[in-house]
Amino acid sequence: MKVLGHKIELLAGLLLHDVTMAGLQELRFPEEKPLLRGQDATELENSDAFLSAVDTDWKEHDIETPYGLLHVVIRGSPKGNRPAILTYHDVGLNHKLCFNTFFNFEDMQEITKHFVVCHVDAPGQQVGASQFPQGYQFPSMEQLAAMLPSVVQHFGFKYVIGIGVGAGAYVLAKFALIFPDLVEGLVLMNIDPNGKGWIDWAATKLSGLTSTLPDTVLSHLFSQEELVNNTELVQSYRQQIGNVVNQANLQLFWNMYNSRRDLDINRPGTVPNAKTLRCPVMLVVGDNAPAEDGVVECNSKLDPTTTTFLKMADSGGLPQVTQPGKLSEAFKYFLQGMGYMPSASMTRLARSRTASLTSASSVDGGRPQACTHSDSSEGLGQVNHTMEVSC
């Protein structure tokens, strides 16, 4: 991957150097030793460790869609033209296992107080879900994406900022391709834009014959190095996947994800009538993640002027769990680049900023265009950032 402009590096102590990106951005993060703030991996063995007191603010809904019911939890209500933050989890997880650590993190809560947050569970993957009847046809990945407009309409959202992981990132990307006017921006972690080839299909089948379903899913979520070295975190997720998620329903989701087609996107200008994501996108992957090659390839197929590539060191396959602080910080910058997070909202940061960094609109304003943070006006409409932040 060719990085245009300067490279953003977040050093120990989370120092973000002053750089101007003329297009594609790559952010690299150093090691952050603590797995979770105030919580070690052994605590995750109890499902309650994925919850916190703020969960009492969430309201559950079962929403009718053209392809069946979707379980959704929501906090807050739409305010003016502000978008909702809508999440979609990876296969083997649900919204709690995938996102609670991230959204309960102190810095992330500073962000979400400005937005309504909506977590979507894939069909039958939520805690306590009933097993699907014999012969049930699980929705295809395209149909999962086509279920989301019903959620948007049900709550009266005008548009959303999506955060997806793995299979959920694929679903949200497909959603943005089919319904671009409903998507303001996307954060896609561990996305693989490619369908499974025959060799991959055979390897998956063989793995299913020799391993339990939780172990098969773990090899999707974690790298081999993590599976060997990070035994506490892996063991906690093995228990949660086996005990919290209905195994028959999970098998259906797993089979459908491994039957997905190519995302069918191409960088503008590379092929005639190239189709790609029109909204600002932040791609996220750990440098020790099994999805790294897929994310790099996805990056090569997106518009470099509206794409940020975030490669997090020492974060593994679940950066939202192992590095929630750094990911929430990057998400703040992503939102600020879209004009939604004024610098005044970033109360935990010490700043050194120039007048040219003022956002085009505040969090209370109408729907902004992707704004530039460069010193000239030539890049208007691009997501370029000029900032020097230390904390």
# chains A, B, ... in the order shown; residues from 1 in each chain; ligands from 1
>>> select_by_dssp(residues="stretch 206-359 of chain A", states="helix (DSSP H, G or I)", output="MDAnalysis selection string")
chainID A and resid 206:210 213:221 224:229 231:243 247:257 292:300 319:322 324:337 343:345 355:357
>>> residues_around(residues="A:Ile111", least_positions_apart="3", cutoff="10 Å", atoms="only C-alpha atoms", output="PyMOL selection string")
chain A and resi 103+106-108+114-115+328-329+331-332+335+341+345-346
>>> write_last_selection(atoms="N, CA, C and O atoms", output="mmCIF file, in the first residue's frame")
data_model
loop_
_atom_site.group_PDB
_atom_site.id
_atom_site.type_symbol
_atom_site.label_atom_id
_atom_site.label_comp_id
_atom_site.auth_asym_id
_atom_site.auth_seq_id
_atom_site.Cartn_x
_atom_site.Cartn_y
_atom_site.Cartn_z
ATOM 1 N N PHE A 103 -17.698 0.486 24.105
ATOM 2 C CA PHE A 103 -18.665 1.544 24.369
ATOM 3 C C PHE A 103 -18.759 1.900 25.850
ATOM 4 O O PHE A 103 -19.246 2.977 26.190
ATOM 5 N N GLU A 106 -14.338 4.912 29.064
ATOM 6 C CA GLU A 106 -14.586 6.296 29.479
ATOM 7 C C GLU A 106 -14.570 7.280 28.311
ATOM 8 O O GLU A 106 -15.475 8.104 28.159
ATOM 9 N N ASP A 107 -13.546 7.192 27.466
ATOM 10 C CA ASP A 107 -13.439 8.141 26.352
ATOM 11 C C ASP A 107 -14.553 7.960 25.334
ATOM 12 O O ASP A 107 -15.025 8.917 24.732
ATOM 13 N N MET A 108 -14.967 6.716 25.126
ATOM 14 C CA MET A 108 -16.031 6.467 24.163
ATOM 15 C C MET A 108 -17.357 7.012 24.672
ATOM 16 O O MET A 108 -18.179 7.516 23.885
ATOM 17 N N HIS A 114 -23.279 12.421 22.792
ATOM 18 C CA HIS A 114 -23.752 13.336 21.763
ATOM 19 C C HIS A 114 -24.605 12.655 20.696
ATOM 20 O O HIS A 114 -25.115 13.322 19.802
ATOM 21 N N PHE A 115 -24.715 11.332 20.749
ATOM 22 C CA PHE A 115 -25.383 10.592 19.681
ATOM 23 C C PHE A 115 -26.325 9.545 20.257
ATOM 24 O O PHE A 115 -26.120 9.046 21.357
ATOM 25 N N SER A 328 -11.047 4.583 20.507
ATOM 26 C CA SER A 328 -11.995 5.670 20.754
ATOM 27 C C SER A 328 -11.374 7.012 20.399
ATOM 28 O O SER A 328 -12.054 7.909 19.876
ATOM 29 N N GLU A 329 -10.072 7.157 20.638
ATOM 30 C CA GLU A 329 -9.385 8.397 20.265
ATOM 31 C C GLU A 329 -9.408 8.581 18.747
ATOM 32 O O GLU A 329 -9.700 9.668 18.237
ATOM 33 N N PHE A 331 -11.559 7.324 16.728
ATOM 34 C CA PHE A 331 -12.947 7.567 16.331
ATOM 35 C C PHE A 331 -13.313 9.033 16.537
ATOM 36 O O PHE A 331 -14.062 9.617 15.735
ATOM 37 N N LYS A 332 -12.788 9.649 17.581
ATOM 38 C CA LYS A 332 -13.020 11.084 17.784
ATOM 39 C C LYS A 332 -12.494 11.893 16.600
ATOM 40 O O LYS A 332 -13.169 12.787 16.088
ATOM 41 N N LEU A 335 -14.729 11.447 13.558
ATOM 42 C CA LEU A 335 -15.943 12.253 13.660
ATOM 43 C C LEU A 335 -15.639 13.731 13.470
ATOM 44 O O LEU A 335 -16.389 14.467 12.815
ATOM 45 N N MET A 341 -17.546 16.455 15.790
ATOM 46 C CA MET A 341 -16.989 16.566 17.131
ATOM 47 C C MET A 341 -16.112 17.800 17.224
ATOM 48 O O MET A 341 -14.963 17.794 16.789
ATOM 49 N N SER A 345 -15.266 19.328 22.720
ATOM 50 C CA SER A 345 -15.825 18.109 23.286
ATOM 51 C C SER A 345 -14.752 17.148 23.748
ATOM 52 O O SER A 345 -15.028 16.233 24.511
ATOM 53 N N MET A 346 -13.528 17.344 23.303
ATOM 54 C CA MET A 346 -12.471 16.401 23.608
ATOM 55 C C MET A 346 -11.778 16.837 24.887
ATOM 56 O O MET A 346 -10.630 17.261 24.916
#
>>> select_by_dssp(residues="stretch 119-251 of chain A", states="strand (DSSP E)", output="VMD selection string")
chain A and resid 119 to 121 160 to 165 183 to 189
>>> write_last_selection(atoms="C-alpha atoms", output="CSV table (one decimal), in the first residue's frame")
chain,number,residue,atom,x,y,z
A,119,HIS,CA,-26.6,-2.0,18.4
A,120,VAL,CA,-27.9,-4.6,15.9
A,121,ASP,CA,-27.7,-8.3,16.6
A,160,VAL,CA,-26.2,6.5,10.4
A,161,ILE,CA,-22.5,6.3,11.1
A,162,GLY,CA,-21.8,2.5,11.1
A,163,ILE,CA,-19.3,0.6,13.2
A,164,GLY,CA,-18.8,-3.0,12.0
A,165,VAL,CA,-16.4,-5.8,12.8
A,183,VAL,CA,-24.9,6.2,5.6
A,184,GLU,CA,-22.9,9.2,6.7
A,185,GLY,CA,-19.7,7.3,7.5
A,186,LEU,CA,-18.3,3.9,8.3
A,187,VAL,CA,-15.7,2.4,10.7
A,188,LEU,CA,-14.9,-1.1,9.3
A,189,MET,CA,-12.8,-3.3,11.5
>>> closest_residue(among="A:Tyr170, A:Phe105, A:Phe175, A:Phe253", to="A:Leu283", atoms="only C-alpha atoms")
A:Tyr170
>>> atom_distance(atom1="atom CA of A:Val245", atom2="atom CA of A:His71")
13.7 Å
>>> closest_residue(among="A:Gln126, A:Thr101, A:Ser259, A:Asn190", to="A:Leu310", atoms="only C-alpha atoms")
A:Asn190
